[in-house]
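I have placed the structure first, in the form of structure tokens, so that the comments after it can refer back to it.
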Amino acid sequence: MTQPPPPPHQPPQQGGFGPPQHQPPQQPPQAPQAQPQPPQAPQGRPQPPQTPPPAGAPNFAKAPEPAPGYGYPQAPQPPQGAPQTPPPPAPPAGPPQPQPGYGYPQAPQAPQTPPGYGYPGQQPNPYAQQPGPYGAPQPGYGYPGQPTVPLQPQAAQPAGGGRKFNAQLAIIVAAVVAIALIISGGVWYAKSSGNDNGKKDTASSSGGTGGKDDKGGTGGTSSGGKEKVPSDPAAKVLYQVPMPDVNDTVVTSGSWLTDKVYAKSGVAEIVGYDPDKGTKLWTIKLPGPVCKASAHTTSDNKTAIVYEPAMPTKAQPSHGCSQVAAIDLDAGKKLWTQTVKSGDQLVGLDNVTVSASTVAVGSTSGGAAFDIATGKTLWAPKPTDTCYDAGYGGGDKLVAVRKCGSYDQRQLHIQTIDPKSGKVISEYKMSQGIEYAAIVSTNPLVVAADVGDSAGDGSGISDFFSIDNKTGKLRAHISAPGDKYAARCDGITKIEYCTGLAVGNDKLYVPTEEHDGTGQYSKTNEIVAFDLATGRQTGQRADAGDGYTISPLRMDGSNVIAYKRPPYDKGGQIVSIDGSSFKETKLLENPSTEAVRDAETSMSPDYAEFRYAQGHLYMSAVFAHKSTSSSGKEYLVLAFGTGG
């Protein structure tokens, strides 16, 4: 996997392409209100008796060996006398598969013992490694990648790709920048506010068949999913939100799409927009910047965020991400605010998620949970506990990543838990030496890890683990070398932040890395599928097409919704991939005019937030940053839509 270019620093300007913005009278912003603090629940979650890992479980704690190629994990020889991992059973007989072309990944090897311990090499400072509202961001994480210029409104047109860097380097860079800002007395302030986008979780593991051709069909619903196939997939620009003008970097992650509203985090606020017109429907003002946001929502469109209690100042450039709140997206209201303490100390929160009616937050001091409707505390950290919940994965089920032991003897417990009580339903103990893990999906349960830092590219992924969340047993171990696959996860603090992956039909859908296409200087890639029961590739492949690169966004029933990043002379596309036949159906194609294309390609699916539903595509940046005099137009949100 290649490294992304440094994010440009370009000034926002007024205007831009797309239809004129007609703003109706807005409701007055809501002032932050003090919320009553419900009584604290008994500390800690109930834990099962401690037992050693099952015999025969993969062992990843071997010391690293020299690798001949950059980022490619090699299979080391096991220590003398160590048990050998048995080879997986042979795949069922079937017709021979055609030989893949250049760049297509080879079938995975049998589960092996990758070298070394987990990454990085020392316990991180959760405030230094992640870009805060006052620190410099990691390159690429939602940053607009190219300057764009203002343009006249664009009408729909007929239908006609360095990604990553080393995670350890990111931690060091962020820490140095944060220290430099403090020393220099750096301070930022918002000159104007903007907003971000989000999505409702729609992942499914149900099966299905069917599909339509690449021309978009003639209307109706695609077989196996809920997304309507338009009679004409040609899209137009619905609206755009300018990048907020700030004097330093500020996090703007968090975006959600419901039937009524497209909501986006801005600078110390969340704004709800009309999905078609872009007019502001409501604004929730916050006392400080948003730090983290859950991508999941409840069935009645409630979600959760973590934010700072005050705006940064010169004297205090950060107040800590200590506030957790529930947001009603339909009503445009903040329901409650809570904090977490370990003993008498206020806890800085690293992540937040939603499952059923529970909001769960994790940190290096442990995890806590609250009822999303009332804010009632369900559990809180136990200071005397030798293990702690570093974070949670939400959605269909609630899964904790629980860390036990000292750093050099760390063991991660992947626990499926009851979202009401925190009681452990099942538990899988990863081998010692794996320091970080990310939750890709909770149902079916899939975990990603960079074992021995062998991915070599900062993607956070060298291996996937398919786990039975009823029994806690390992179903399959999937090797995913960083030089062959293009997904990424942050298991250091965010826990369930993964991009370029989808899970459904008891399969894991992963994009390959870019490789040469058929045209001169062109690049392309594919989406391939792994069987979560066997760990083997299924032989299915969805080609991006010459000049395009394709990334899974989410599941739609049994279908995969994917985004195709365009070549220099075309607009991007949203396609639905049939889960059975892998046939692609075009759902949306953006305009190919230069200004629109430049704005679109400034939003990479690796680092920005993409939300798609019913002919509407929303792209948004997860950072606002200080502009420079030489840069062009930049956007916080781009909204596209088809005619029907």
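In the structure tokens, the first chain shown is A, the next is B, and so on; residue numbers restart at 1 for each chain, and ligands run from 1 in the order shown.
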- Query: Can you tell me, as a VMD selection string, what residues are no more than 12 Å from Leu532 of chain A when counting only C-alpha atoms, ignoring any on the same chain fewer than 6 positions away?
  - Reply: chain A and resid 205 441 443 to 447 464 to 468 474 to 478 503 to 509 538
- Message: Would you pick out the contacts of Pro381 of chain A at 7 Å or less, using only C-alpha atoms, so that residues sharing its chain but fewer than 3 positions from it are not included, and give the list as a ChimeraX atom specification?
- Response: /A:43-44,342,365-368
- Please provide the set of residues having any atom within 10 Å of Val290 of chain A, restricted to only C-alpha atoms, with same-chain residues fewer than 4 positions apart removed, written as a VMD selection string. chain A and resid 132 to 133 250 to 254 265 to 270 286 305 to 309 321 323 to 324
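Neighbours of segment 343-352 of chain A closer than or equal to 7 Å, with only C-alpha atoms counted and sequence neighbours fewer than 3 positions away skipped, come out as Lys292, Ala293, Ser294, Ile305, Val306, Gly320, Cys321, Ser322, Val340, Ala360, Val361, Gly362, Ser363, Ser365, Pro383, Gly391, Thr493 and Lys494 of chain A.
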